[in-house]
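Q: Please see the structure below; I have some questions.
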Amino acid sequence: MIVSIQIFLLLLVLSGVGIILFTKNIVHAAYALCLTLIGVAGVYVLLSSELLAVVQIMLYAGGVVILLAFGVMMTNRLRGEKVLSGSNNKFLGTLISISVFGGLCYIISSASFETTGGALAEDQIAQIGVSFLTDHLVAFELIAFTLLVALVGAAYLAKMAADE
Amino acid sequence: MSETMLTYTLYLAALLFSSGTYVVITKKNSIFVLIGVELMLNAGNVVLAAFSQFDPSINGQIMAIFAVVLTVCEVSIALAILLNIYRKSGVSNLDELNEIGN
Amino acid sequence: MSLIEQLNSILNELQGVWTETALMLGAIVTLLVGLIKRLDKLVIVVYLLSIVVSIALNYNNTLSGSILSGSLALSSLSSSFGFIFLIIGGLLPLFGRAKQHRTEFFFFILAMLVGSLFIMKANNLLIIYLAIELVSFCSYILTNFTFKEKSFEAGIKYLLFGAICSATMLFGLGMIYGATGTIQIRGWNEVLFSGLFAQVGFVLFLVGIFFKISLAPAHLWVPATYQEAPADAAAFMSIVPKLAALVLLQRLFNTEIFSDDHWVLRLVFALGMLTIIAGTLGAFKQRNARRMIGFGAIAHSGFLLPFALLQTTTSSDAFWYYSLIYGIMNFAAFFMLDRYEKTGIYEVADYNKSHKETWIGVVFSLILVSLVGLPPLAGFTAKFFLFSTLWESGLMMYLVVALLATVGSLFFYFRIPKSIFLSAPVDDRSINFNFSTKILATLFCIVLLLLFFVPQMVMEAQQLLNNVHE
Amino acid sequence: MKELLIILSLFLPVVGGLLSAIFNKPVVAIIGMGMSLIASALTLILGVNLQVTLEWLPGYSLGIIVDDTTLILTCLVIFISLLVHIFSMEYLKDDLGKNRYFAKLGLFTFSMIGLLLADHLILLFIFWELVGLSSYLLIGFWYRKEGVPSSARLAFMVNRVADVALLIGILMLNKDGSLNISEMNGIWLFVPSILMAIGAFGKSAQLPFSGWLTKAMVGPTPVSALIHAATMVAAGVYLLYRVGPFMHEVALTWIAVIGTLTAFYAAVCALFQHDIKKVLAYSTISQLGYMIMGVGVGAGSAAIFHLFTHAFFKAGLFLGAGAIIHYMHQATDKDAQDMRNMGGLKEKMPWTFRAFLICSLALAGIPFFSGFMSKEGIILAGWEWANQTGTWSYMIPDIGLITAFITALYVGRMVLLVFFGQSRISSSVSFTENLQIKLPLVLLALGSIWIFFNWNPLAHETWLQGFWMGNDLPVEVSSMLVMLLSIILSSAGLALAYSFFKPGSTYAESYAGFGQKKLKILLEGLYLVALYEYLGKFVSQCAEFLSKIDEKVVDGILHLLGVGTVVLAKVAALIDRFVVDGPVNLTGFVSTAIGDRLAGLSSRSVQAQMMWLIVGVILILIWILFF
Amino acid sequence: MQNILTYIFILPLIVALMMLFIPAERWGIFRRLSLATVGIQLVLAVLLMINFDSSLIPENWEGAFQFVEKVDWISMSFGSMGSISIQYFIGVDGISLPLVVLSSFVLLIGVISSWNIQEKAKGYHILYLILSSSIVGCFIALDFFLFYLCFEFMLLPMFFLIGIWGGKRRSYASIKFFLYTLLGSLFILVVMIALYLSVMDGEVHTFSMVKMLDGAYASNTVLDPGSPQLIFGYSARVLAFLFLIIGFGIKLPAVPVHTWLPDAHVEAPTPISVVLAGLLLKVGAYGLLRIAYGIFPDVAVEFSGLVAILGVISILYGGMNALAQRDLKRMVAYSSVSHMGFVLVGLASLTAVGFSGALFHMISHGLISPALFLIAGVIYDRTGNRAMENFSGLAEKMPVYTFFMAVCFFAGLGLPGLSGFVGELMVLIGAFGSDQFSMWIGILATLGIAISAAYFLWTIQRMFYGKYFVREAAWEQNMLDLNAREKLMLIPLALLIIALGVYPRWILDFSDETIRFFTQQFSLIQP
């Protein structure tokens, strides 16, 4: 069961990545990204990070992809034709990304990991909630402020664009 | 969760990361590049989540959650800037953005 | 530890973040005040007020060590650098920003201050990541604040480059987390760090910090950004986040893991030398003055780097002195660049139009001389301390590179005085500088001169301001 | 008092010269010279003998020494100089630059006196150089004329090169002992000895340095008189005379050989000159060769004696030549110095003729004239020396004798060409020999008669010799033979000259007559004549060859050296531009090139930047993995 | 009287500061102020000379200096380097005194020479006064930091003075000058740091040159001669000495790092050439003498041969180059290279007479080269051209000029009776008497005298002798003889050149005891 889910998720991610890599159509790529992100969310579930999976689907698959889609629509002349993106540096890109992949795989394969950590808490969401106000209080404060900044920034910049 | 599973997850992360690298380097359209960046960020999140399962205080997962939030912020800012650029010059491909120079 | 105890300790330790809190509040108030049309004259007042309050709070803080469940670590270094940041922030209105966009500008500056202070104090990977991202976001946004096509271009390029760096850093964070099992930087231990996985993770993590310090190979964003960002933002960006990241680096390396001859140290020193070389050589042929100074700032990152890595007391004293002087010099340089740009002079070659304004030219030249590191300006003392530190620590290669780069830097910094005074003069009557510019420029110059002749002032200031004692 | 007299006689010439320049009154210079002469004569009469030192540099006390030798030579220099002054009054009376002329003349005299007085070698070197300077200034006096600047420079440079050798020699000696001549003892090593000798060769125009002296003829003729008679060229002989006793034996031999060769070579050259001043110049070189030879064979005092007598008759000859040239300038547009344009001047300028004749005879080495006595002393000393050293050494006095013969020959030729026969130019210009011209000529001619030096016209010693150290070898009776030989040779020379160049002779105007026809007649008539002609031709060819060598080789080497230096300097300049500056420029080029790349990197597309970032990270990782 | 050195040092700075507040339109006032300032400086320097006790026989360096002033300047604690103490510490001994007097004199000549500069006169005179202060500061500083400050601070005014008031390629020349000298001064900076870390005054690290000269090293420090330390495999002391040779050698300048000099000289305005040749080169030589040789006598003994070879190469190479030049100023510039080679040889001889000769040659060259540049400037002022082939027979039109030219040229070629000869002679005596290197060095150096004669005479022949001729008719009307101002500059110079040539102990008596003490240091060291 687990294995078949794993294989399914892997296929999901791989197909998403594959489309992104080889398509020229940005809209397709955005949807493929959505596919990938959902697959990754599945992986999160398998990694017993349920909240993360939820956040992933809500924020990423929901938010980011829609943002990107809007972006595509707003920043490209949409007169019925496809929104295509050319590529350059293909050879170098391939070379670099393959060497990155190879290098990382080599590093991963040569590493050995401590897999005998303590048991995870039952109620991860509660645990995370508490930690936001205790251990990660500063981080929580900070991300809140960052969100404000990003919000103001994005809004202000977008307003400028709209004012044109 | 076995070590093998962990390793495979990490391979997946490596795949995502290097695919992101490829997209970032090769694709001309700036939104495409953003997509690549998302892939790379996701790779990082996968790594965090993968190790988080061995950590009772699940710091990795928390960090990944924060990272996701930050990513959204980043994308929104990026899109705001792209919008401005598009409005000003009608350009959305990065290689056409070459006004600045020496 | 029970939840209650934990909350109590948090309450006790909250004074460690009062400075930042005040700044955040100040930022929000600034934004709100700016929204109200009638009150928008008050923006600067609110801005300055929040800075002053923060300075007072920073002065008041006596906490040190790790606080708030290990999220932050306070030290005398972070406390004293806090003053540099806040003072630089406080000086920023001197640029005389026009009313338009002013509220938002100062809002983002305050946010960047918050981020920088957090970078400096961050004690776990999460805070490091968050704080760096906060500063980055502010920088991305501020880069666009001239609202011209080129500045948006610079903004998106900066953002994309930064995003790559942050993704790399996140990946590295994950690897470190996996290898060490903790996000606390104090929790790292030697055994775990000997593995290749952790080492690679650490390097990838460093890329994110290098991005903030603008260290090679993550320095490539600097020229375009400094060139197109508003001058005040560029001045701020070239000083505050860089120094903050350096302080962070200093703490990262201040562990026994990185003993004398650790490969990471060697790597980072090599990159530091590379940075110096790249910055110096890159500046040679630049036509845009701001871009050239930007390359100079890259080289200065390389000059600053050893302080963060060497853990001697000499190094930390020199770090303080160099940082303060670097802050003043760079601020002054960008200030002058801004004034020239306001008269329409962007290119180095155009500076000959301003040959009639001898006094400003002289003062600007002196500031550049200080950036080169020649007596009798404080830049020399800073360089002198740098060389002393390097000599004392036996970093001879670094010393040689730094010395040669100093000669090289003369070559490009002096293109501006050369253009003002030595090139065939072009008469442009429209170019003149107002009185306040002259006064301010002179003041900067006097400060730089003064700190050469009385460098002990800088050291005493650190003693005086610093209430944090480890 | 005595010091004051010495100081007066030293400084009055230069002070007088300067004052005359400032006040534009040449008379002042003459008065200065006159007073100087009186002062030095007084010192001579009083018999001053003193030594004065002054610590000039820390540890280096420069001293002057005043003894009989220096005094008598000082008197001589001042006397000759005074006469030259007087003569110049007339000779340069129309010249615009005569103010500075007298100042320079004063400086020249001053330097020479200083050189004579110097005891310390460094002090000597100082005046030595000043002599060089003043000769430069005087030779270049007519600096507008073509060829003059380069001749002046040549003279100074040749001297300078020799001076460097002298200085090196002095400095080498300094390492081991005192530089005060009066305190010297022992024998020097060969190298410093020969270096000193080279220095002397330079000043005294010996081979291979002799070229400058003929070049120096471009200066005013009275200056030539001064240079040749008493001041400049005498310096070398004087130096060698003073340091001769300390010289290494081998070096002395070398000196003798060089001196002899120079004497012979110059005499042969003189024979074939047409320019009257050139003839005199070669004769000076030749006579200096005798003196140098004298020093070399250990007859220093004989050399000084010859210096003394030579000063008189050579000054007389030059002043006479000056008068002749002065006249010729007025009389004709042709070359005023070419003897072929002269002739028959006996009637035109009788006083000049008489003085010139006496001096010529002295030069030719005819008994009853001073030149004979002193020259004889040298040749005899050479003979004695050869007696003691070895067979081959006889070459030296032998060549000396042959030179005496040639000397007589060219002297005869000169006198005959200039004064006898018919005037070769038609000119009605009359020449008044006024006092300024007559007086010096007469005095010098008188000084060339034997009686002032010794009652015995055949003696080779002089009562003046009491003034200088008698360090010569004793001369034996067998020397009578040599003396006889010498007399015969000189007379034969004169006779031969007359037979060749007597007025109306075909050879009188040129040597072109040495043609085939004449040779045939001579062969038919008298074999001796044929032999003469053959010899003459051979000598003429040799002479021409030697003259060419002088022009082409000796001067040529100097020119070559000059050209070579200039070429080398150009090469050095090129190297400077491309090689020495090269690395700097190369570094600049390379760094700007790299800088361009780096700058380009930053301004290119953001994707390229990202790529570079990632490549950088990969490189770092590789570094980690493999190092 | 006790503070006289401070007055000499500070006075120009104060006046420069005052000048800032005078409106630039009244340009005439600046030159008068400058003249007065430098004049007072000269008077003070002469007073200093009169009051100097030249009979003082020092026992150690501490006691060798007179008119010493010592005030704490910077005193701060600095990491593990301990307390940094930098003092305002000045004084003169027999070596620096003549140089101080020379400086004020040449600076005065420079002011007179710049009398006609109207363009940006304010800036010019301010920079000039700053320059004058820093030059004097170099000679009187006894604290290494102070010395370095003055040494570096000469660069800036010089850069602008050449760059703004210079000739056609002025910016190239000024940058080249700046780059070269900055490179050199960084070498010196490194040595300064090492010395600072090694020398102790009691318990405190010190920059005091006196302590460095007296060898007050803390044990086991990097430059402690007792425990030699290695850097890159070389002894630290050797490296430090070589660094100083390079650093000061650039300033001197020695072949092969001399190429900035001809360019800088050719492009600089006449007064700046005067100061550059007359004083700045002397600073390099002074640094070698005082710092390289004074502080590292043990290494100096070891490396004298090298320095001497450098010197000989400079002499011959500079001379040969001068011979090939067509530009009068360039020729003079190369002759400076050649002459400074004699200073190197004199130093390398490590004998008292060689040292005295080096010092004397510095002084004498400090008089001759300004005069030579003034001579070149006269022609340039009149025609804007200096190429030798454009002039001929100037002696006819400009006899007074020719007279001064002759004095200077003959002084340059080392004619006895003029000061140039004395220095060269003493150096050569030192070189021949030295145990440090073979006699060939001395012989080759002596050849330099012949070369110098060659180029100076060649120049005279080309430019001053022969038929009168100037290339362009427009110059004709300007070819007037020296005016009063030019005479005012050249007469004192010529008189001094002659006076020093006739009686050199004017100067040598001041330095005699100091140099004797100095050279004793070398004899104490067993090679």
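Naming works like this for the structure tokens: A, B, ... for the chains as they're shown, residue 1 at the start of each chain, ligands 1 onward in shown order.
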So that I can check the secondary structure, give me every residue of range 129-277 of chain D assigned helix (DSSP H, G or I) by backbone DSSP, as a PyMOL selection string.
A: chain D and resi 129-142+148-176+181-183+190-203+211-218+221-229+232-246+249-271+276-277
Q: In terms of the shortest atom-to-atom distance over only C-alpha atoms, which of B:Phe51, B:Gly36, B:Ile25, B:Lys88 is closest to Phe91 in chain A?
A: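 Ranked by minimum distance to Phe91 in chain A, first place goes to B:Ile25.
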Q: Distance CA of Val210 in chain E-CA of Ala352 in chain E, one decimal place?
A: 20.3 Å
Q: For Ser30 in chain B, please output as an MDAnalysis selection string all residues within 10 Å (counting only C-alpha atoms; exclusion window: fewer than 2 positions along the same chain).
A: (chainID A and resid 26 72 75 85) or (chainID B and resid 24 27:28 32:36 78:79 82 91:95 97) or (chainID C and resid 156:157 160) or (chainID D and resid 607)
Q: Excluding range 156-169 of chain D and any residue of its chain fewer than 2 positions from it, enumerate the residues within 7 Å of it, using only C-alpha atoms, and give them as a CSV table (one decimal) with all heavy atoms, in the first residue's frame.
A:
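This is the output file result_3.csv:
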chain,number,residue,atom,x,y,z
D,132,GLY,N,90.4,70.9,-17.3
D,132,GLY,CA,89.6,70.3,-18.3
D,132,GLY,C,88.5,71.3,-18.7
D,132,GLY,O,88.2,71.5,-19.9
D,136,TYR,N,87.7,73.3,-22.1
D,136,TYR,CA,86.5,73.2,-22.8
D,136,TYR,C,85.9,74.5,-23.2
D,136,TYR,O,85.4,74.8,-24.3
D,136,TYR,CB,85.5,72.4,-21.9
D,136,TYR,CG,84.1,72.3,-22.4
D,136,TYR,CD1,83.7,71.5,-23.5
D,136,TYR,CD2,83.1,73.1,-21.8
D,136,TYR,CE1,82.4,71.4,-23.9
D,136,TYR,CE2,81.8,73.0,-22.3
D,136,TYR,CZ,81.5,72.2,-23.3
D,136,TYR,OH,80.2,72.1,-23.8
D,152,ALA,N,85.0,71.0,-28.9
D,152,ALA,CA,85.2,71.3,-27.5
D,152,ALA,C,84.7,70.1,-26.7
D,152,ALA,O,85.3,69.7,-25.7
D,152,ALA,CB,84.4,72.5,-27.1
D,153,ARG,N,83.6,69.6,-27.1
D,153,ARG,CA,83.0,68.5,-26.4
D,153,ARG,C,83.9,67.3,-26.5
D,153,ARG,O,84.2,66.6,-25.5
D,153,ARG,CB,81.6,68.1,-26.9
D,153,ARG,CG,80.9,67.0,-26.2
D,153,ARG,CD,79.5,66.8,-26.6
D,153,ARG,NE,79.4,66.4,-28.0
D,153,ARG,CZ,79.4,65.2,-28.4
D,153,ARG,NH1,79.4,64.2,-27.5
D,153,ARG,NH2,79.4,64.9,-29.7
D,154,LEU,N,84.5,67.0,-27.7
D,154,LEU,CA,85.4,65.9,-27.8
D,154,LEU,C,86.5,66.0,-26.9
D,154,LEU,O,86.9,65.1,-26.2
D,154,LEU,CB,85.9,65.9,-29.3
D,154,LEU,CG,86.8,64.7,-29.5
D,154,LEU,CD1,86.0,63.4,-29.8
D,154,LEU,CD2,87.8,65.0,-30.6
D,171,LEU,N,91.4,56.5,-6.1
D,171,LEU,CA,90.6,55.9,-5.1
D,171,LEU,C,91.1,54.5,-4.7
D,171,LEU,O,91.0,54.2,-3.5
D,171,LEU,CB,89.1,55.7,-5.6
D,171,LEU,CG,88.4,57.1,-5.8
D,171,LEU,CD1,87.1,56.9,-6.5
D,171,LEU,CD2,88.1,57.7,-4.4
D,172,MET,N,91.8,53.9,-5.6
D,172,MET,CA,92.4,52.6,-5.3
D,172,MET,C,93.5,52.8,-4.3
D,172,MET,O,93.7,52.0,-3.3
D,172,MET,CB,92.9,51.9,-6.5
D,172,MET,CG,91.8,51.1,-7.3
D,172,MET,SD,92.5,50.4,-8.7
D,172,MET,CE,91.2,49.3,-9.2
D,173,LEU,N,94.3,53.8,-4.6
D,173,LEU,CA,95.4,54.1,-3.7
D,173,LEU,C,94.9,54.5,-2.3
D,173,LEU,O,95.5,54.2,-1.3
D,173,LEU,CB,96.2,55.3,-4.3
D,173,LEU,CG,97.0,55.0,-5.5
D,173,LEU,CD1,97.7,56.2,-6.0
D,173,LEU,CD2,98.0,53.9,-5.2
D,192,PRO,N,96.8,50.6,-10.1
D,192,PRO,CA,96.7,52.0,-9.9
D,192,PRO,C,97.8,52.8,-10.7
D,192,PRO,O,97.5,53.9,-11.1
D,192,PRO,CB,96.9,52.1,-8.4
D,192,PRO,CG,97.3,50.8,-7.9
D,192,PRO,CD,97.0,49.8,-8.9
D,195,LEU,N,96.6,53.2,-14.2
D,195,LEU,CA,95.4,54.0,-14.2
D,195,LEU,C,95.8,55.5,-14.1
D,195,LEU,O,95.3,56.4,-14.9
D,195,LEU,CB,94.5,53.7,-13.1
D,195,LEU,CG,93.7,52.4,-13.4
D,195,LEU,CD1,92.9,52.0,-12.1
D,195,LEU,CD2,92.7,52.6,-14.5
D,196,MET,N,96.8,55.8,-13.2
D,196,MET,CA,97.3,57.1,-13.1
D,196,MET,C,97.9,57.6,-14.4
D,196,MET,O,97.7,58.7,-14.9
D,196,MET,CB,98.3,57.2,-12.0
D,196,MET,CG,97.9,56.9,-10.6
D,196,MET,SD,97.0,58.3,-10.0
D,196,MET,CE,98.1,58.9,-8.8
D,198,ILE,N,97.2,56.5,-17.4
D,198,ILE,CA,96.2,56.7,-18.4
D,198,ILE,C,95.6,58.1,-18.2
D,198,ILE,O,95.4,58.9,-19.2
D,198,ILE,CB,95.1,55.7,-18.3
D,198,ILE,CG1,95.7,54.3,-18.8
D,198,ILE,CG2,93.9,56.0,-19.1
D,198,ILE,CD1,94.8,53.2,-18.6
D,199,GLY,N,95.4,58.5,-17.0
D,199,GLY,CA,94.9,59.9,-16.7
D,199,GLY,C,95.9,60.9,-17.3
D,199,GLY,O,95.5,61.8,-18.0
D,202,GLY,N,95.8,61.1,-21.0
D,202,GLY,CA,94.6,61.9,-21.5
D,202,GLY,C,94.9,63.4,-21.6
D,202,GLY,O,94.8,64.0,-22.6
D,203,LYS,N,95.4,63.9,-20.5
D,203,LYS,CA,95.7,65.3,-20.5
D,203,LYS,C,96.9,65.7,-21.4
D,203,LYS,O,96.9,66.7,-22.1
D,203,LYS,CB,96.1,65.8,-19.1
D,203,LYS,CG,94.9,66.1,-18.2
D,203,LYS,CD,94.5,67.6,-18.4
D,203,LYS,CE,93.2,67.9,-17.5
D,203,LYS,NZ,92.1,67.1,-17.8
D,209,PHE,N,95.1,58.9,-26.8
D,209,PHE,CA,94.2,60.0,-26.6
D,209,PHE,C,94.5,61.3,-27.4
D,209,PHE,O,93.9,62.3,-27.2
D,209,PHE,CB,94.2,60.4,-25.1
D,209,PHE,CG,93.8,59.3,-24.2
D,209,PHE,CD1,94.7,58.5,-23.5
D,209,PHE,CD2,92.4,58.9,-24.1
D,209,PHE,CE1,94.3,57.5,-22.7
D,209,PHE,CE2,92.0,57.9,-23.3
D,209,PHE,CZ,93.0,57.2,-22.5
D,212,TRP,N,92.3,64.6,-29.4
D,212,TRP,CA,91.6,65.8,-29.0
D,212,TRP,C,92.5,67.1,-29.2
D,212,TRP,O,92.0,68.1,-29.5
D,212,TRP,CB,91.2,65.7,-27.6
D,212,TRP,CG,92.3,65.8,-26.5
D,212,TRP,CD1,92.9,64.8,-25.9
D,212,TRP,CD2,92.8,67.0,-25.9
D,212,TRP,NE1,93.8,65.2,-25.0
D,212,TRP,CE2,93.8,66.5,-25.0
D,212,TRP,CE3,92.7,68.3,-26.1
D,212,TRP,CZ2,94.5,67.4,-24.3
D,212,TRP,CZ3,93.4,69.2,-25.4
D,212,TRP,CH2,94.3,68.8,-24.4
E,443,ILE,N,84.3,50.9,-9.4
E,443,ILE,CA,84.8,51.2,-10.7
E,443,ILE,C,83.7,51.5,-11.6
E,443,ILE,O,83.7,52.5,-12.3
E,443,ILE,CB,85.7,50.1,-11.2
E,443,ILE,CG1,87.0,50.0,-10.4
E,443,ILE,CG2,86.0,50.3,-12.7
E,443,ILE,CD1,87.8,48.8,-10.7
E,446,THR,N,82.2,54.8,-10.9
E,446,THR,CA,83.0,55.9,-11.4
E,446,THR,C,82.7,56.2,-12.8
E,446,THR,O,82.7,57.3,-13.3
E,446,THR,CB,84.5,55.6,-11.1
E,446,THR,OG1,84.6,55.1,-9.8
E,446,THR,CG2,85.3,56.9,-11.2
E,447,LEU,N,82.4,55.1,-13.6
E,447,LEU,CA,82.1,55.3,-15.0
E,447,LEU,C,80.9,56.2,-15.2
E,447,LEU,O,80.8,56.9,-16.2
E,447,LEU,CB,81.8,54.0,-15.7
E,447,LEU,CG,83.0,53.1,-15.9
E,447,LEU,CD1,82.6,51.8,-16.6
E,447,LEU,CD2,84.1,53.8,-16.7
E,450,ALA,N,81.6,59.7,-16.2
E,450,ALA,CA,81.9,60.0,-17.6
E,450,ALA,C,80.6,60.1,-18.4
E,450,ALA,O,80.4,60.9,-19.2
E,450,ALA,CB,82.8,58.9,-18.2
E,454,ALA,N,78.9,63.0,-20.6
E,454,ALA,CA,78.4,62.9,-21.9
E,454,ALA,C,77.1,63.5,-22.2
E,454,ALA,O,76.9,64.3,-23.1
E,454,ALA,CB,78.4,61.4,-22.3
Q: Which residues are close to Ile164 in chain C, i.e. within 8 Å by only C-alpha atoms, leaving aside same-chain residues fewer than 3 positions away? Reply as a ChimeraX atom specification.
A: /B:37,40 /C:160-161,167-168 /D:610
Q: Keeping only C-alpha atoms, write those residues as a JSON list (two decimals), in the first residue's frame.
A:
[["chain", "number", "residue", "atom", "x", "y", "z"],
["B", 37, "VAL", "CA", 12.78, 28.95, -7.69],
["B", 40, "MET", "CA", 14.31, 24.71, -5.42],
["C", 160, "LEU", "CA", 15.65, 36.31, -8.38],
["C", 161, "PHE", "CA", 19.30, 36.15, -7.41],
["C", 167, "ALA", "CA", 16.73, 28.39, -1.75],
["C", 168, "THR", "CA", 20.30, 27.17, -1.61],
["D", 610, "MET", "CA", 22.82, 32.74, -11.11]]
Q: Hey, could you make a per-residue contact list for chain E against chain C with 10 Å as the cut-off, showing the nearest pair of atoms and its distance in Å to one decimal, counting only C-alpha atoms, sorted by chain and number, as CSV?
A:
residue,atom,partner,partner_atom,distance
E:Leu20,CA,C:Trp359,CA,9.5
E:Trp73,CA,C:Val454,CA,7.8
E:Ile74,CA,C:Val454,CA,6.3
E:Ser75,CA,C:Gln456,CA,6.8
E:Met76,CA,C:Gln456,CA,5.3
E:Ser77,CA,C:Met459,CA,8.0
E:Phe78,CA,C:Thr314,CA,5.9
E:Gly79,CA,C:Thr314,CA,3.5
E:Ser80,CA,C:Thr314,CA,5.2
E:Met81,CA,C:Thr314,CA,6.4
E:Gly82,CA,C:Thr314,CA,8.5
E:Ile84,CA,C:Gln456,CA,9.5
E:Lys120,CA,C:Thr358,CA,9.6
E:Gly123,CA,C:Thr358,CA,8.6
E:Tyr148,CA,C:Pro375,CA,8.5
E:Leu149,CA,C:Pro375,CA,5.8
E:Cys150,CA,C:Pro375,CA,8.3
E:Phe151,CA,C:Pro375,CA,9.2
E:Glu152,CA,C:Pro375,CA,6.4
E:Phe153,CA,C:Pro375,CA,6.2
E:Met154,CA,C:Pro375,CA,9.9
E:Leu155,CA,C:Leu374,CA,9.4
E:Leu156,CA,C:Val369,CA,8.7
E:Phe159,CA,C:Lys418,CA,9.4
E:Phe160,CA,C:Phe421,CA,7.7
E:Leu161,CA,C:Leu422,CA,9.8
E:Ile162,CA,C:Leu422,CA,9.1
E:Gly163,CA,C:Leu422,CA,5.4
E:Ile164,CA,C:Leu422,CA,5.0
E:Trp165,CA,C:Leu422,CA,8.4
E:Gly166,CA,C:Leu422,CA,9.0
E:Arg170,CA,C:Leu422,CA,7.7
E:Ser171,CA,C:Leu422,CA,6.1
E:Tyr172,CA,C:Lys418,CA,9.8
E:Ser174,CA,C:Lys418,CA,9.3
E:Ile175,CA,C:Phe411,CA,7.4
E:Lys176,CA,C:Phe411,CA,9.2
E:Phe178,CA,C:Leu410,CA,8.3
E:Leu179,CA,C:Val407,CA,6.3
E:Tyr180,CA,C:Val407,CA,8.5
E:Thr181,CA,C:Val407,CA,9.4
E:Leu182,CA,C:Val407,CA,6.3
E:Leu183,CA,C:Val407,CA,5.8
E:Gly184,CA,C:Val407,CA,9.5
E:Ser185,CA,C:Val407,CA,9.8
E:Leu186,CA,C:Leu403,CA,6.5
E:Phe187,CA,C:Leu403,CA,8.3
E:Leu189,CA,C:Phe384,CA,8.0
E:Val190,CA,C:Phe387,CA,7.4
E:Met192,CA,C:Ser388,CA,9.5
E:Ile193,CA,C:Ser388,CA,6.0
E:Ala194,CA,C:Trp391,CA,7.6
E:Tyr196,CA,C:Ser388,CA,9.3
E:Leu197,CA,C:Glu392,CA,8.2
E:Val222,CA,C:Glu392,CA,9.6
E:Ile231,CA,C:Met396,CA,8.3
E:Phe232,CA,C:Met396,CA,8.5
Q: Set the distance at 9 Å and use only C-alpha atoms: which residues neighbour range 108-111 of chain E once local chain neighbours fewer than 3 positions away are removed? I'd like the list as a ChimeraX atom specification.
A: /E:31,34-35,37-39,41-42,103-105,114-115,125,128,270-275,370,488-490,493
Q: I need the chain A residues near chain C as a list in words; criterion: at most 7 Å, counting only C-alpha atoms.
A: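 Putting it all together, I get Ile107, Ile108, Ala111, Thr134, Asp135, Val138, Ala139, Ile143, Thr146, Ala150 and Gly153 of chain A.
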Q: May I ask you to extract the residues of chain D within 10 Å of chain A, using only C-alpha atoms, and to give them as a PyMOL selection string?
A: chain D and resi 607-608+611+614-615+617-618+621-622+625
Q: Find the residues around Ile57 in chain A up to 10 Å (only C-alpha atoms counted), leave out those fewer than 3 positions away in its own chain, and share them as a PyMOL selection string.
A: chain A and resi 34+37-42+51-54+60-64
Q: Please determine the contact residues of chain C with respect to chain D at a cut-off of 6 Å, counting only C-alpha atoms, and supply them as a PyMOL selection string.
A: chain C and resi 157+217-218+220+281-282
Q: Specify as a PyMOL selection string all residues of chain E found within 9 Å of chain D, counting only C-alpha atoms.
A: chain E and resi 255-257+259+317+319-325+353+356+393+395-396+410+415-417+421-422+426+428-429+432-434+439+442-443+446-447+449-450+453-454+457-458+460-462+464-468+502-505+508-509+512
